[in-house]
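Engineer: PDB, C-alpha atoms, pLDDT in the B column, file final-v1.pdb:
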```pdb
ATOM      1  CA  MET R  38      -1.514 -11.079  -5.855  1.00 97.00           C
ATOM      2  CA  PHE R  39      -3.477 -14.199  -6.688  1.00 98.00           C
ATOM      3  CA  LEU R  40      -1.854 -17.324  -8.079  1.00 98.00           C
ATOM      4  CA  ASP R  41      -3.398 -19.077 -11.061  1.00 97.00           C
ATOM      5  CA  THR R  42      -3.804 -22.839 -10.815  1.00 96.00           C
ATOM      6  CA  ASN R  43      -1.209 -23.385 -13.544  1.00 96.00           C
ATOM      7  CA  PHE R  44       1.311 -21.474 -11.438  1.00 98.00           C
ATOM      8  CA  LEU R  45       0.531 -23.715  -8.466  1.00 97.00           C
ATOM      9  CA  ILE R  46       0.908 -26.848 -10.595  1.00 96.00           C
ATOM     10  CA  ASP R  47       4.276 -25.620 -11.870  1.00 97.00           C
ATOM     11  CA  LEU R  48       5.359 -24.766  -8.326  1.00 97.00           C
ATOM     12  CA  GLU R  49       4.312 -28.183  -7.033  1.00 95.00           C
ATOM     13  CA  GLU R  50       6.233 -29.921  -9.824  1.00 96.00           C
ATOM     14  CA  GLU R  51       9.342 -27.800  -9.201  1.00 97.00           C
ATOM     15  CA  THR R  52       9.121 -28.455  -5.465  1.00 94.00           C
ATOM     16  CA  GLY R  53       8.702 -32.199  -5.990  1.00 93.00           C
ATOM     17  CA  ALA R  54      11.680 -32.296  -8.355  1.00 96.00           C
ATOM     18  CA  ALA R  55      13.737 -30.143  -5.964  1.00 96.00           C
ATOM     19  CA  CYS R  56      14.575 -27.753  -8.799  1.00 95.00           C
ATOM     20  CA  VAL R  57      14.257 -24.027  -9.263  1.00 96.00           C
ATOM     21  CA  GLY R  58      12.110 -23.159 -12.245  1.00 97.00           C
ATOM     22  CA  PRO R  59      10.004 -20.164 -13.262  1.00 98.00           C
ATOM     23  CA  ALA R  60       7.479 -20.476 -10.432  1.00 98.00           C
ATOM     24  CA  ARG R  61      10.044 -20.732  -7.639  1.00 97.00           C
ATOM     25  CA  ARG R  62      12.108 -17.925  -9.178  1.00 98.00           C
ATOM     26  CA  PHE R  63       8.998 -15.741  -9.301  1.00 98.00           C
ATOM     27  CA  LEU R  64       8.270 -16.301  -5.613  1.00 97.00           C
ATOM     28  CA  ASN R  65      11.895 -15.629  -4.698  1.00 96.00           C
ATOM     29  CA  THR R  66      11.782 -12.376  -6.659  1.00 96.00           C
ATOM     30  CA  HIS R  67       8.538 -11.304  -4.955  1.00 96.00           C
ATOM     31  CA  ARG R  68       9.397 -12.144  -1.334  1.00 93.00           C
ATOM     32  CA  GLY R  69       7.560  -9.913   1.069  1.00 92.00           C
ATOM     33  CA  GLU R  70       4.576  -9.418  -1.242  1.00 94.00           C
ATOM     34  CA  LEU R  71       1.200 -10.833  -0.281  1.00 94.00           C
ATOM     35  CA  VAL R  72       0.584 -13.958  -2.342  1.00 96.00           C
ATOM     36  CA  VAL R  73      -2.882 -15.509  -2.143  1.00 98.00           C
ATOM     37  CA  VAL R  74      -4.507 -18.698  -3.402  1.00 98.00           C
ATOM     38  CA  SER R  75      -8.232 -18.601  -4.101  1.00 98.00           C
ATOM     39  CA  VAL R  76     -10.389 -21.455  -2.906  1.00 98.00           C
ATOM     40  CA  ILE R  77     -11.117 -22.124  -6.596  1.00 97.00           C
ATOM     41  CA  ALA R  78      -7.415 -22.640  -7.394  1.00 97.00           C
ATOM     42  CA  LEU R  79      -7.122 -24.791  -4.279  1.00 97.00           C
ATOM     43  CA  GLY R  80      -9.900 -27.040  -5.566  1.00 97.00           C
ATOM     44  CA  GLU R  81      -8.398 -27.319  -9.038  1.00 96.00           C
ATOM     45  CA  LEU R  82      -4.980 -28.131  -7.603  1.00 96.00           C
ATOM     46  CA  ALA R  83      -6.439 -30.677  -5.178  1.00 96.00           C
ATOM     47  CA  ALA R  84      -8.120 -32.559  -8.023  1.00 95.00           C
ATOM     48  CA  GLY R  85      -4.694 -33.429  -9.405  1.00 93.00           C
ATOM     49  CA  MET R  86      -2.976 -34.277  -6.135  1.00 92.00           C
ATOM     50  CA  GLU R  87      -2.860 -37.509  -4.202  1.00 87.00           C
ATOM     51  CA  ASP R  88      -5.093 -36.474  -1.305  1.00 93.00           C
ATOM     52  CA  SER R  89      -6.348 -33.552   0.730  1.00 93.00           C
ATOM     53  CA  GLU R  90      -3.518 -33.767   3.246  1.00 95.00           C
ATOM     54  CA  ALA R  91      -0.944 -33.368   0.455  1.00 94.00           C
ATOM     55  CA  VAL R  92      -2.754 -30.216  -0.672  1.00 95.00           C
ATOM     56  CA  ARG R  93      -2.884 -28.825   2.866  1.00 95.00           C
ATOM     57  CA  THR R  94       0.819 -29.492   3.322  1.00 95.00           C
ATOM     58  CA  PHE R  95       1.755 -27.923  -0.002  1.00 96.00           C
ATOM     59  CA  LEU R  96      -0.340 -24.781   0.580  1.00 96.00           C
ATOM     60  CA  ARG R  97       0.438 -24.325   4.279  1.00 94.00           C
ATOM     61  CA  GLY R  98       2.547 -21.227   3.610  1.00 91.00           C
ATOM     62  CA  PHE R  99      -0.131 -19.483   1.562  1.00 96.00           C
ATOM     63  CA  ARG R 100      -3.168 -17.484   2.537  1.00 96.00           C
ATOM     64  CA  VAL R 101      -6.353 -18.960   1.038  1.00 97.00           C
ATOM     65  CA  ALA R 102      -9.140 -16.565   0.094  1.00 98.00           C
ATOM     66  CA  THR R 103     -12.661 -17.914   0.333  1.00 97.00           C
ATOM     67  CA  LEU R 104     -15.634 -17.041  -1.787  1.00 96.00           C
ATOM     68  CA  LYS R 105     -18.057 -14.289  -0.834  1.00 97.00           C
ATOM     69  CA  PRO R 106     -21.020 -12.740  -2.633  1.00 98.00           C
ATOM     70  CA  GLU R 107     -19.066  -9.719  -3.902  1.00 98.00           C
ATOM     71  CA  ILE R 108     -16.560 -12.010  -5.654  1.00 98.00           C
ATOM     72  CA  ALA R 109     -19.427 -13.914  -7.268  1.00 98.00           C
ATOM     73  CA  LEU R 110     -20.803 -10.615  -8.561  1.00 98.00           C
ATOM     74  CA  ALA R 111     -17.377  -9.619  -9.929  1.00 97.00           C
ATOM     75  CA  ALA R 112     -17.086 -12.987 -11.681  1.00 97.00           C
ATOM     76  CA  ALA R 113     -20.600 -12.590 -13.098  1.00 98.00           C
ATOM     77  CA  ALA R 114     -19.745  -9.142 -14.445  1.00 97.00           C
ATOM     78  CA  ILE R 115     -16.641 -10.541 -16.151  1.00 98.00           C
ATOM     79  CA  ASP R 116     -18.678 -13.344 -17.672  1.00 97.00           C
ATOM     80  CA  ARG R 117     -21.271 -10.892 -19.024  1.00 97.00           C
ATOM     81  CA  GLU R 118     -18.550  -8.671 -20.495  1.00 96.00           C
ATOM     82  CA  LEU R 119     -16.808 -11.571 -22.198  1.00 97.00           C
ATOM     83  CA  GLN R 120     -20.077 -13.076 -23.454  1.00 95.00           C
ATOM     84  CA  ALA R 121     -20.633  -9.830 -25.345  1.00 94.00           C
ATOM     85  CA  THR R 122     -17.306 -10.318 -27.138  1.00 92.00           C
ATOM     86  CA  GLY R 123     -17.781 -14.041 -27.719  1.00 92.00           C
ATOM     87  CA  ALA R 124     -14.530 -14.779 -25.901  1.00 94.00           C
ATOM     88  CA  ARG R 125     -15.520 -16.242 -22.536  1.00 95.00           C
ATOM     89  CA  LEU R 126     -13.074 -17.811 -20.132  1.00 96.00           C
ATOM     90  CA  GLY R 127     -13.554 -21.283 -18.752  1.00 93.00           C
ATOM     91  CA  GLU R 128     -15.733 -21.360 -15.662  1.00 94.00           C
ATOM     92  CA  ASN R 129     -12.928 -21.726 -13.115  1.00 96.00           C
ATOM     93  CA  ASP R 130     -10.758 -19.150 -14.884  1.00 97.00           C
ATOM     94  CA  ASN R 131     -13.704 -16.776 -14.706  1.00 97.00           C
ATOM     95  CA  TRP R 132     -13.812 -17.288 -10.930  1.00 98.00           C
ATOM     96  CA  LEU R 133     -10.042 -16.705 -10.650  1.00 98.00           C
ATOM     97  CA  ALA R 134     -10.402 -13.473 -12.608  1.00 98.00           C
ATOM     98  CA  GLY R 135     -13.307 -12.473 -10.348  1.00 98.00           C
ATOM     99  CA  PHE R 136     -11.130 -12.864  -7.242  1.00 98.00           C
ATOM    100  CA  ALA R 137      -8.327 -10.768  -8.736  1.00 98.00           C
ATOM    101  CA  ARG R 138     -10.654  -8.056 -10.010  1.00 97.00           C
ATOM    102  CA  TYR R 139     -12.613  -7.846  -6.763  1.00 97.00           C
ATOM    103  CA  TYR R 140      -9.462  -7.456  -4.672  1.00 97.00           C
ATOM    104  CA  GLY R 141      -7.793  -5.215  -7.259  1.00 97.00           C
ATOM    105  CA  THR R 142      -4.665  -7.353  -7.316  1.00 97.00           C
ATOM    106  CA  PRO R 143      -2.740  -8.942 -10.173  1.00 98.00           C
ATOM    107  CA  LEU R 144      -3.202 -12.541 -11.225  1.00 98.00           C
ATOM    108  CA  VAL R 145       0.045 -14.470 -11.633  1.00 98.00           C
ATOM    109  CA  SER R 146      -0.443 -16.568 -14.750  1.00 98.00           C
ATOM    110  CA  ASN R 147       1.097 -17.371 -18.098  1.00 97.00           C
ATOM    111  CA  ASP R 148      -2.390 -17.820 -19.575  1.00 97.00           C
ATOM    112  CA  GLU R 149      -2.895 -14.941 -22.008  1.00 97.00           C
ATOM    113  CA  ALA R 150      -6.664 -15.551 -22.044  1.00 97.00           C
ATOM    114  CA  PHE R 151      -6.817 -13.476 -18.859  1.00 97.00           C
ATOM    115  CA  ASP R 152      -5.668 -10.467 -20.902  1.00 97.00           C
ATOM    116  CA  ARG R 153      -9.209 -10.279 -22.308  1.00 95.00           C
ATOM    117  CA  VAL R 154     -10.547  -9.286 -18.886  1.00 96.00           C
ATOM    118  CA  ARG R 155     -10.914  -5.525 -18.577  1.00 93.00           C
ATOM    119  CA  GLY R 156      -9.331  -4.153 -15.429  1.00 92.00           C
ATOM    120  CA  LEU R 157      -7.348  -7.296 -14.676  1.00 96.00           C
ATOM    121  CA  ARG R 158      -3.575  -7.158 -14.583  1.00 97.00           C
ATOM    122  CA  ARG R 159      -1.897 -10.438 -15.419  1.00 98.00           C
ATOM    123  CA  VAL R 160       1.676 -10.946 -14.313  1.00 98.00           C
ATOM    124  CA  ALA R 161       3.594 -13.600 -16.244  1.00 98.00           C
ATOM    125  CA  TYR R 162       6.211 -15.710 -14.498  1.00 97.00           C
TER     126      TYR R 162
END
```
Could the structure of this file be written out as structure tokens, please?
Structural biologist:
Amino acid sequence: MFLDTNFLIDLEEETGAACVGPARRFLNTHRGELVVVSVIALGELAAGMEDSEAVRTFLRGFRVATLKPEIALAAAAIDRELQATGARLGENDNWLAGFARYYGTPLVSNDEAFDRVRGLRRVAY
């Protein structure tokens, strides 16, 4: 499953505060499942962190999926579908949805906007 940027931000805050909140509980509940961070979420997270090394350290236990043409096409299809309804996602959210749809895996997010994406399963935490 792919992690939304908001999940990663919550996880980073919980880790920094040494507390167990919704994000850490979710990961504990889903031990053994493949959890992936898209390069898009990595970039969004990095923009709010101190430096690149802090991001690398924080994400060292996660697999990072990189962009490939098929994901771009999945994201483009989502954008076209949502344009037709007048309810587009933000650009980076569209990319995150494209990763999840392409790989056929859930997106872990509390953002209900992802529910507008046909064929995408959002898992709240």
Engineer: Separation of atom CA of R:Ala124 and atom CA of R:Leu157, in Å?
Structural biologist: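 Computing it gives 15.3 Å between the two atoms.
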Engineer: Using only C-alpha atoms, what does the table of stretch 104-146 of chain R residues within 12 Å of stretch 60-73 of chain R look like, with each row giving the shortest atom pair and its distance in Å to one decimal, sorted by chain and ascending number, as a Markdown table?
Structural biologist:
```
| residue | atom | partner | partner_atom | distance |
| --- | --- | --- | --- | --- |
| R:Leu133 | CA | R:Val73 | CA | 11.2 |
| R:Phe136 | CA | R:Val73 | CA | 10.1 |
| R:Ala137 | CA | R:Val73 | CA | 9.8 |
| R:Tyr140 | CA | R:Val73 | CA | 10.7 |
| R:Thr142 | CA | R:Val72 | CA | 9.8 |
| R:Pro143 | CA | R:Val72 | CA | 9.9 |
| R:Leu144 | CA | R:Val73 | CA | 9.6 |
| R:Val145 | CA | R:Val72 | CA | 9.3 |
| R:Ser146 | CA | R:Ala60 | CA | 9.8 |
```
Engineer: Could you jot down the atom CA of R:Asp148 to atom CA of R:Ala84 separation for me, Å, one decimal place?
Structural biologist: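 Rounded to one decimal, the two atoms are 19.6 Å apart.
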Engineer: Around the point (-17.7, -13.8, -14.8) in the file's coordinates, collect all residues with an atom within 12 Å, using all atoms listed in the file, and return them as a PyMOL selection string.
Structural biologist: chain R and resi 107-121+124-139+151+153-155
Engineer: Keeping C-alpha atoms, export the residues of the selection given above as a PDB file, in the frame of the given file.
Structural biologist:
```
ATOM      1  CA  GLU R 107     -19.066  -9.719  -3.902  1.00 98.00           C
ATOM      2  CA  ILE R 108     -16.560 -12.010  -5.654  1.00 98.00           C
ATOM      3  CA  ALA R 109     -19.427 -13.914  -7.268  1.00 98.00           C
ATOM      4  CA  LEU R 110     -20.803 -10.615  -8.561  1.00 98.00           C
ATOM      5  CA  ALA R 111     -17.377  -9.619  -9.929  1.00 97.00           C
ATOM      6  CA  ALA R 112     -17.086 -12.987 -11.681  1.00 97.00           C
ATOM      7  CA  ALA R 113     -20.600 -12.590 -13.098  1.00 98.00           C
ATOM      8  CA  ALA R 114     -19.745  -9.142 -14.445  1.00 97.00           C
ATOM      9  CA  ILE R 115     -16.641 -10.541 -16.151  1.00 98.00           C
ATOM     10  CA  ASP R 116     -18.678 -13.344 -17.672  1.00 97.00           C
ATOM     11  CA  ARG R 117     -21.271 -10.892 -19.024  1.00 97.00           C
ATOM     12  CA  GLU R 118     -18.550  -8.671 -20.495  1.00 96.00           C
ATOM     13  CA  LEU R 119     -16.808 -11.571 -22.198  1.00 97.00           C
ATOM     14  CA  GLN R 120     -20.077 -13.076 -23.454  1.00 95.00           C
ATOM     15  CA  ALA R 121     -20.633  -9.830 -25.345  1.00 94.00           C
ATOM     16  CA  ALA R 124     -14.530 -14.779 -25.901  1.00 94.00           C
ATOM     17  CA  ARG R 125     -15.520 -16.242 -22.536  1.00 95.00           C
ATOM     18  CA  LEU R 126     -13.074 -17.811 -20.132  1.00 96.00           C
ATOM     19  CA  GLY R 127     -13.554 -21.283 -18.752  1.00 93.00           C
ATOM     20  CA  GLU R 128     -15.733 -21.360 -15.662  1.00 94.00           C
ATOM     21  CA  ASN R 129     -12.928 -21.726 -13.115  1.00 96.00           C
ATOM     22  CA  ASP R 130     -10.758 -19.150 -14.884  1.00 97.00           C
ATOM     23  CA  ASN R 131     -13.704 -16.776 -14.706  1.00 97.00           C
ATOM     24  CA  TRP R 132     -13.812 -17.288 -10.930  1.00 98.00           C
ATOM     25  CA  LEU R 133     -10.042 -16.705 -10.650  1.00 98.00           C
ATOM     26  CA  ALA R 134     -10.402 -13.473 -12.608  1.00 98.00           C
ATOM     27  CA  GLY R 135     -13.307 -12.473 -10.348  1.00 98.00           C
ATOM     28  CA  PHE R 136     -11.130 -12.864  -7.242  1.00 98.00           C
ATOM     29  CA  ALA R 137      -8.327 -10.768  -8.736  1.00 98.00           C
ATOM     30  CA  ARG R 138     -10.654  -8.056 -10.010  1.00 97.00           C
ATOM     31  CA  TYR R 139     -12.613  -7.846  -6.763  1.00 97.00           C
ATOM     32  CA  PHE R 151      -6.817 -13.476 -18.859  1.00 97.00           C
ATOM     33  CA  ARG R 153      -9.209 -10.279 -22.308  1.00 95.00           C
ATOM     34  CA  VAL R 154     -10.547  -9.286 -18.886  1.00 96.00           C
ATOM     35  CA  ARG R 155     -10.914  -5.525 -18.577  1.00 93.00           C
TER      36      ARG R 155
END
```
Engineer: Work out how far atom CA of R:Val101 is from atom CA of R:Val74, in Å to one decimal.
Structural biologist: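 Rounded to one decimal, the two atoms are 4.8 Å apart.
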Engineer: Expand the PyMOL selection byres ((chain R and resi 80) around 12) into the explicit residue set it covers here, and present it as a ChimeraX atom specification.
Structural biologist: /R:41-42,45-46,74-79,81-86,88-89,92-93,96,101-103,129,132-133
